[in-house]
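Next comes run_23.tsv, with TSV, C-alpha atoms.
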chain	number	residue	atom	x	y	z
A	1	MET	CA	-37.85	-14.12	10.05
A	2	SER	CA	-39.75	-17.10	11.44
A	3	ASP	CA	-39.80	-17.85	15.19
A	4	ALA	CA	-37.82	-21.05	14.54
A	5	ALA	CA	-34.97	-19.05	13.02
A	6	GLN	CA	-34.80	-16.47	15.80
A	7	PRO	CA	-31.96	-16.68	18.32
A	8	THR	CA	-32.91	-17.53	21.87
A	9	ALA	CA	-32.69	-15.05	24.72
A	10	ALA	CA	-29.73	-17.03	26.03
A	11	GLU	CA	-27.94	-16.66	22.69
A	12	VAL	CA	-28.47	-12.91	22.75
A	13	ARG	CA	-27.14	-12.78	26.31
A	14	ALA	CA	-24.10	-14.86	25.29
A	15	ALA	CA	-23.42	-12.49	22.40
A	16	ALA	CA	-23.55	-9.54	24.82
A	17	GLU	CA	-21.08	-11.26	27.13
A	18	ALA	CA	-18.79	-11.85	24.14
A	19	VAL	CA	-18.81	-8.11	23.42
A	20	LYS	CA	-17.84	-7.38	27.04
A	21	ALA	CA	-14.98	-9.84	26.86
A	22	ALA	CA	-13.83	-8.41	23.53
A	23	LEU	CA	-13.89	-4.88	25.01
A	24	ASP	CA	-11.68	-6.02	27.89
A	25	ARG	CA	-9.28	-7.73	25.49
A	26	HIS	CA	-9.09	-4.64	23.27
A	27	LEU	CA	-8.41	-2.31	26.21
A	28	GLU	CA	-5.74	-4.65	27.55
A	29	ALA	CA	-4.07	-4.80	24.13
A	30	VAL	CA	-4.07	-1.00	23.86
A	31	GLU	CA	-2.69	-0.59	27.37
A	32	ASN	CA	0.15	-3.02	26.61
A	33	ARG	CA	0.85	-2.07	23.01
A	34	THR	CA	4.46	-2.34	21.89
A	35	GLY	CA	4.22	0.22	19.07
A	36	ASP	CA	1.93	2.13	16.76
A	37	ASP	CA	1.29	-0.98	14.66
A	38	ASP	CA	1.10	-3.67	17.34
A	39	PRO	CA	-0.59	-6.73	15.76
A	40	ALA	CA	-2.19	-7.58	19.12
A	41	VAL	CA	-4.15	-4.33	18.97
A	42	TYR	CA	-5.15	-5.04	15.38
A	43	ASP	CA	-6.36	-8.55	16.27
A	44	ALA	CA	-8.27	-7.27	19.31
A	45	PHE	CA	-9.90	-4.56	17.21
A	46	ASN	CA	-11.11	-7.10	14.67
A	47	ALA	CA	-12.38	-9.43	17.41
A	48	LEU	CA	-14.31	-6.56	18.98
A	49	ALA	CA	-15.80	-5.64	15.60
A	50	ALA	CA	-16.90	-9.24	14.98
A	51	ALA	CA	-18.40	-9.61	18.47
A	52	ALA	CA	-20.28	-6.32	18.18
A	53	GLU	CA	-21.68	-7.28	14.79
A	54	ALA	CA	-22.83	-10.68	16.07
A	55	TYR	CA	-24.53	-9.09	19.09
A	56	ASP	CA	-26.22	-6.44	16.94
A	57	GLU	CA	-27.61	-9.11	14.60
A	58	ARG	CA	-28.92	-11.33	17.40
A	59	LEU	CA	-30.40	-8.38	19.27
A	60	TYR	CA	-32.28	-7.27	16.19
A	61	ASP	CA	-33.43	-10.77	15.23
A	62	ARG	CA	-34.72	-11.50	18.72
A	63	TYR	CA	-36.02	-8.13	19.92
A	64	ASP	CA	-36.18	-5.96	16.78
A	65	GLU	CA	-33.74	-3.58	18.51
A	66	VAL	CA	-30.40	-2.10	17.47
A	67	THR	CA	-27.28	-0.90	19.28
A	68	PRO	CA	-26.40	2.82	19.45
A	69	PHE	CA	-22.86	2.27	18.19
A	70	GLU	CA	-21.14	0.90	15.12
A	71	ILE	CA	-17.63	-0.55	14.93
A	72	PRO	CA	-16.09	-1.00	11.46
A	73	GLY	CA	-15.47	-4.62	10.59
A	74	ALA	CA	-12.13	-6.17	9.68
A	75	ASP	CA	-13.00	-6.21	5.98
A	76	ASP	CA	-13.16	-2.39	6.03
A	77	SER	CA	-9.71	-1.98	7.55
A	78	LEU	CA	-6.21	-1.99	6.20
A	79	PRO	CA	-3.88	-4.81	7.25
A	80	PRO	CA	-1.15	-3.99	9.76
A	81	TYR	CA	1.40	-1.60	8.30
A	82	ALA	CA	4.62	-3.44	7.42
A	83	GLY	CA	6.49	-0.71	5.57
A	84	PRO	CA	9.45	1.39	6.68
A	85	GLU	CA	9.00	3.57	9.76
A	86	GLU	CA	10.63	6.50	7.96
A	87	PRO	CA	9.89	6.09	4.22
A	88	ASN	CA	12.39	7.65	1.85
A	89	ALA	CA	9.91	7.59	-1.03
A	90	LEU	CA	6.22	7.01	-1.70
A	91	SER	CA	3.92	5.83	-4.46
A	92	VAL	CA	0.49	7.30	-5.10
A	93	LEU	CA	-1.72	4.69	-6.79
A	94	ILE	CA	-5.02	5.89	-8.26
A	95	ARG	CA	-7.88	3.98	-9.85
A	96	ARG	CA	-10.97	5.69	-11.28
A	97	ASP	CA	-13.76	3.79	-13.02
A	98	TYR	CA	-16.06	5.30	-15.65
A	99	ALA	CA	-19.02	4.05	-17.66
A	100	VAL	CA	-19.39	5.25	-21.25
A	101	VAL	CA	-23.03	6.39	-21.04
A	102	GLU	CA	-23.11	8.75	-24.03
A	103	PRO	CA	-20.81	7.36	-26.72
A	104	GLN	CA	-21.94	9.95	-29.30
A	105	ARG	CA	-20.90	12.77	-26.97
A	106	LEU	CA	-17.55	11.06	-26.46
A	107	LEU	CA	-17.05	10.65	-30.20
A	108	ALA	CA	-17.99	14.28	-30.84
A	109	GLN	CA	-15.49	15.54	-28.28
A	110	ALA	CA	-12.73	13.37	-29.73
A	111	GLN	CA	-13.55	14.53	-33.25
A	112	ARG	CA	-13.42	18.16	-32.09
A	113	ILE	CA	-9.91	17.57	-30.73
A	114	ALA	CA	-8.87	15.89	-33.98
A	115	ASP	CA	-10.29	18.77	-36.03
A	116	VAL	CA	-8.20	21.24	-34.03
A	117	ASP	CA	-5.09	19.08	-34.42
A	118	PRO	CA	-5.24	17.02	-37.63
A	119	GLU	CA	-2.22	15.04	-36.46
A	120	GLU	CA	-4.07	13.80	-33.37
A	121	VAL	CA	-4.48	10.01	-33.46
A	122	GLY	CA	-6.32	7.48	-31.37
A	123	ALA	CA	-4.96	4.83	-29.04
A	124	ALA	CA	-4.79	2.36	-31.92
A	125	GLY	CA	-2.63	4.72	-33.98
A	126	ALA	CA	-5.36	5.63	-36.47
A	127	PRO	CA	-7.13	9.01	-37.00
A	128	VAL	CA	-10.43	9.38	-35.19
A	129	VAL	CA	-13.11	8.63	-37.74
A	130	GLY	CA	-16.37	6.69	-37.80
A	131	THR	CA	-17.69	5.28	-34.53
A	132	SER	CA	-14.61	3.93	-32.75
A	133	VAL	CA	-15.08	4.50	-29.03
A	134	HIS	CA	-11.71	2.85	-28.50
A	135	ALA	CA	-9.94	5.46	-30.65
A	136	ALA	CA	-11.97	8.29	-29.11
A	137	LEU	CA	-10.86	7.29	-25.62
A	138	GLY	CA	-7.26	7.30	-26.80
A	139	VAL	CA	-7.64	10.85	-28.09
A	140	LEU	CA	-9.43	12.03	-24.94
A	141	PHE	CA	-6.88	10.65	-22.49
A	142	GLY	CA	-4.04	11.76	-24.73
A	143	GLU	CA	-5.29	15.35	-24.72
A	144	TYR	CA	-6.36	15.84	-21.10
A	145	GLU	CA	-4.83	15.06	-17.72
A	146	PRO	CA	-6.75	12.44	-15.66
A	147	ASP	CA	-7.72	15.07	-13.06
A	148	GLU	CA	-9.30	17.27	-15.75
A	149	ILE	CA	-11.21	14.31	-17.16
A	150	ALA	CA	-12.46	13.56	-13.63
A	151	SER	CA	-13.75	17.11	-13.20
A	152	ARG	CA	-15.30	17.27	-16.70
A	153	HIS	CA	-16.37	13.66	-17.20
A	154	LYS	CA	-19.99	14.55	-18.02
A	155	GLU	CA	-18.83	16.68	-20.93
A	156	PHE	CA	-17.19	13.59	-22.39
A	157	GLY	CA	-20.20	11.29	-22.01
A	158	LEU	CA	-18.77	9.45	-19.01
A	159	GLU	CA	-20.31	8.51	-15.68
A	160	GLU	CA	-18.17	8.12	-12.58
A	161	GLY	CA	-17.92	4.79	-10.80
A	162	ASP	CA	-15.84	3.96	-7.74
A	163	SER	CA	-12.41	5.46	-7.22
A	164	THR	CA	-9.59	4.88	-4.77
A	165	LEU	CA	-6.25	6.47	-3.99
A	166	TRP	CA	-3.51	4.65	-2.08
A	167	VAL	CA	-0.47	6.35	-0.59
A	168	ALA	CA	2.13	3.61	-0.19
A	169	ALA	CA	5.52	3.92	1.49
A	170	ALA	CA	8.71	2.86	-0.28
A	171	ASP	CA	12.25	2.26	0.91
A	172	GLU	CA	13.77	4.22	-1.95
A	173	LEU	CA	12.84	5.78	-5.26
A	174	PRO	CA	13.00	3.17	-8.08
A	175	GLU	CA	15.32	3.65	-11.00
A	176	PRO	CA	13.78	5.59	-13.94
A	177	GLY	CA	11.61	3.25	-16.02
A	178	GLU	CA	12.10	0.34	-13.62
A	179	TRP	CA	8.42	-0.46	-13.06
A	180	LEU	CA	6.77	1.06	-16.14
A	181	SER	CA	6.06	-2.31	-17.75
A	182	VAL	CA	4.15	-3.56	-14.67
A	183	PRO	CA	3.16	-0.40	-12.77
A	184	PHE	CA	0.64	-1.98	-10.39
A	185	ASP	CA	2.14	-5.39	-9.70
A	186	GLN	CA	3.86	-4.23	-6.52
A	187	ALA	CA	0.83	-2.60	-4.89
A	188	ASP	CA	1.13	-3.92	-1.33
A	189	PRO	CA	-1.71	-3.14	1.14
A	190	GLU	CA	0.74	-3.64	4.03
A	191	ARG	CA	2.72	-0.61	2.83
A	192	VAL	CA	-0.30	1.69	2.51
A	193	VAL	CA	0.07	4.71	4.79
A	194	CYS	CA	-3.48	5.89	4.07
A	195	ARG	CA	-6.16	5.45	1.43
A	196	PHE	CA	-9.13	7.46	0.20
A	197	ASP	CA	-12.19	5.78	-1.35
A	198	VAL	CA	-15.15	7.33	-3.17
A	199	SER	CA	-18.17	5.17	-3.98
A	200	ALA	CA	-21.92	5.34	-4.39
A	201	VAL	CA	-22.21	2.94	-1.44
A	202	PHE	CA	-21.12	5.79	0.84
A	203	ASP	CA	-23.10	8.94	1.51
A	204	GLU	CA	-23.21	11.32	-1.46
A	205	ASP	CA	-19.94	13.22	-1.94
A	206	GLU	CA	-18.47	11.48	1.11
A	207	LEU	CA	-14.73	10.90	1.12
A	208	ARG	CA	-13.73	7.90	3.20
A	209	GLU	CA	-10.27	7.62	4.71
A	210	GLU	CA	-8.91	4.38	6.11
A	211	PRO	CA	-6.50	5.46	8.88
A	212	LEU	CA	-3.38	3.45	9.52
A	213	ASP	CA	-3.74	3.47	13.31
A	214	LEU	CA	-6.65	1.04	13.61
A	215	ASP	CA	-7.23	1.28	17.33
A	216	ASP	CA	-8.14	4.95	16.92
A	217	GLU	CA	-11.40	3.71	15.33
A	218	ASP	CA	-12.92	3.07	18.77

Show the structure stored in the file as structure tokens.
Amino acid sequence: MSDAAQPTAAEVRAAAEAVKAALDRHLEAVENRTGDDDPAVYDAFNALAAAAEAYDERLYDRYDEVTPFEIPGADDSLPPYAGPEEPNALSVLIRRDYAVVEPQRLLAQAQRIADVDPEEVGAAGAPVVGTSVHAALGVLFGEYEPDEIASRHKEFGLEEGDSTLWVAAADELPEPGEWLSVPFDQADPERVVCRFDVSAVFDEDELREEPLDLDDED
């Protein structure tokens, strides 16, 4: 970074003062909280995260120094919980991404399943023949549970991408078949009790949980 782009010493000092003020505001919000999901605590937490990040950046740009603490930013947090206090039901929403890195291995596994069960058909309703990855995926996911595919994905020529699991509160259990046509349309982050994310951007094999009670992140 050029000298012209560096923050001044006064700007670094101002950023430090902003962190102090944000700390006082956060403590005051916690001391006067009205419930487990008080929006004032949530807002103060996010303000503290933003102030700390700004100070850390200016400190590094000016003095090539870093702070000894890290506060998660607002973008990494769940919104305030707005679901029922005592849920009568819950929904577990799971997304797992895969890359097809070895299509021939995938096709061979699907053909093996079809050879064992000649009646096995692909997602398009046709027997698995030729080089249809689309049909092979239909056979694979029709034969195995998603958890088994996750544990054996390399056998099927797949490579794991990101995955996430949301546990969302519900007022009551929906009627049978009520949401099957649009299963993910009602995914509401404000009803998420907790979530678990797995990604290559985290440390290897790290499981990240986003807790509902945001002020416990201090």

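With distances taken over all atoms listed in the file, A:Phe45 is the one residue among A:Ala136, A:Phe45, A:Pro80, A:Val182 lying closest to Arg25 of chain A.
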
From A:Thr164, A:Gln6, A:Asn46, A:Ser151, residue lying nearest Cys194 of chain A [all atoms listed in the file]: A:Thr164

Contacts of Tyr144 of chain A within 12 Å, all atoms listed in the file, excl. fewer than 6 positions in-chain, as number ranges by chain: A: 109-110, 113, 137-138, 150-153, 156

Atom-to-atom span, atom CA of Pro183 of chain A and atom CA of Asp37 of chain A, Å: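 Pair atom CA of Pro183 of chain A / atom CA of Asp37 of chain A returns 27.5 Å.
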
Distance in Å - atom CA of Val193 of chain A versus atom CA of Gly177 of chain A: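 Value for the atom CA of Val193 of chain A-atom CA of Gly177 of chain A distance: 23.8 Å.
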
Neighbour list for Glu85 of chain A as a list in words, cut-off 12 Å, only C-alpha atoms, skip fewer than 4 positions in-chain: Gly35, Asp36, Asp37, Tyr81, Ala89, Ala169, Ala170, Asp171, Arg191, Val192 and Val193 of chain A

Atom CA of Ala40 of chain A to atom CA of Glu11 of chain A, distance in Å rounded to a single decimal: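 Between atom CA of Ala40 of chain A and atom CA of Glu11 of chain A the gap works out to 27.5 Å.
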
Non-local contacts of Trp166 of chain A (6 Å; all atoms listed in the file; under 2 positions in same chain excluded) as a PyMOL selection string: chain A and resi 92-93+195

Contacts of Tyr63 of chain A at 12 Å or less, counting all atoms listed in the file, minus same-chain residues fewer than 4 places along, as a CSV table (one decimal) with C-alpha atoms, in the coordinates of the input?
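Output saved as selection22.csv:
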chain,number,residue,atom,x,y,z
A,1,MET,CA,-37.8,-14.1,10.0
A,3,ASP,CA,-39.8,-17.8,15.2
A,6,GLN,CA,-34.8,-16.5,15.8
A,7,PRO,CA,-32.0,-16.7,18.3
A,8,THR,CA,-32.9,-17.5,21.9
A,9,ALA,CA,-32.7,-15.0,24.7
A,12,VAL,CA,-28.5,-12.9,22.8
A,13,ARG,CA,-27.1,-12.8,26.3
A,55,TYR,CA,-24.5,-9.1,19.1
A,56,ASP,CA,-26.2,-6.4,16.9
A,57,GLU,CA,-27.6,-9.1,14.6
A,58,ARG,CA,-28.9,-11.3,17.4
A,59,LEU,CA,-30.4,-8.4,19.3
A,67,THR,CA,-27.3,-0.9,19.3

Distance query segment 106-108 of chain A at most 10 Å, only C-alpha atoms, self and fewer than 5 positions along chain excluded, as a PyMOL selection string: chain A and resi 100-101+113-114+128-137+139-140+153-158

Counting all atoms listed in the file, which residues sit no farther than 12 Å from the position (-21.5, -9.1, 25.4) in the file's frame? I'd like them as an mmCIF file with C-alpha atoms, in the coordinates of the input.
data_model
loop_
_atom_site.group_PDB
_atom_site.id
_atom_site.type_symbol
_atom_site.label_atom_id
_atom_site.label_comp_id
_atom_site.auth_asym_id
_atom_site.auth_seq_id
_atom_site.Cartn_x
_atom_site.Cartn_y
_atom_site.Cartn_z
ATOM 1 C CA ALA A 10 -29.730 -17.030 26.030
ATOM 2 C CA GLU A 11 -27.940 -16.660 22.690
ATOM 3 C CA VAL A 12 -28.470 -12.910 22.750
ATOM 4 C CA ARG A 13 -27.140 -12.780 26.310
ATOM 5 C CA ALA A 14 -24.100 -14.860 25.290
ATOM 6 C CA ALA A 15 -23.420 -12.490 22.400
ATOM 7 C CA ALA A 16 -23.550 -9.540 24.820
ATOM 8 C CA GLU A 17 -21.080 -11.260 27.130
ATOM 9 C CA ALA A 18 -18.790 -11.850 24.140
ATOM 10 C CA VAL A 19 -18.810 -8.110 23.420
ATOM 11 C CA LYS A 20 -17.840 -7.380 27.040
ATOM 12 C CA ALA A 21 -14.980 -9.840 26.860
ATOM 13 C CA ALA A 22 -13.830 -8.410 23.530
ATOM 14 C CA LEU A 23 -13.890 -4.880 25.010
ATOM 15 C CA ASP A 24 -11.680 -6.020 27.890
ATOM 16 C CA LEU A 48 -14.310 -6.560 18.980
ATOM 17 C CA ALA A 49 -15.800 -5.640 15.600
ATOM 18 C CA ALA A 50 -16.900 -9.240 14.980
ATOM 19 C CA ALA A 51 -18.400 -9.610 18.470
ATOM 20 C CA ALA A 52 -20.280 -6.320 18.180
ATOM 21 C CA GLU A 53 -21.680 -7.280 14.790
ATOM 22 C CA ALA A 54 -22.830 -10.680 16.070
ATOM 23 C CA TYR A 55 -24.530 -9.090 19.090
ATOM 24 C CA ASP A 56 -26.220 -6.440 16.940
ATOM 25 C CA ARG A 58 -28.920 -11.330 17.400
ATOM 26 C CA LEU A 59 -30.400 -8.380 19.270
ATOM 27 C CA THR A 67 -27.280 -0.900 19.280
#

Padding 3 Å on every side, please: axis-aligned box over the listed atoms of segment 176-189 of chain A, centre and edge lengths to one decimal in Å, as JSON.
{"center_x": 6.0, "center_y": 0.1, "center_z": -8.3, "size_x": 21.5, "size_y": 17.0, "size_z": 24.9}

Among listed residues A:Ala168, A:Thr34, A:Pro39, A:Glu159, nearest Ala99 of chain A (using all atoms listed in the file): A:Glu159
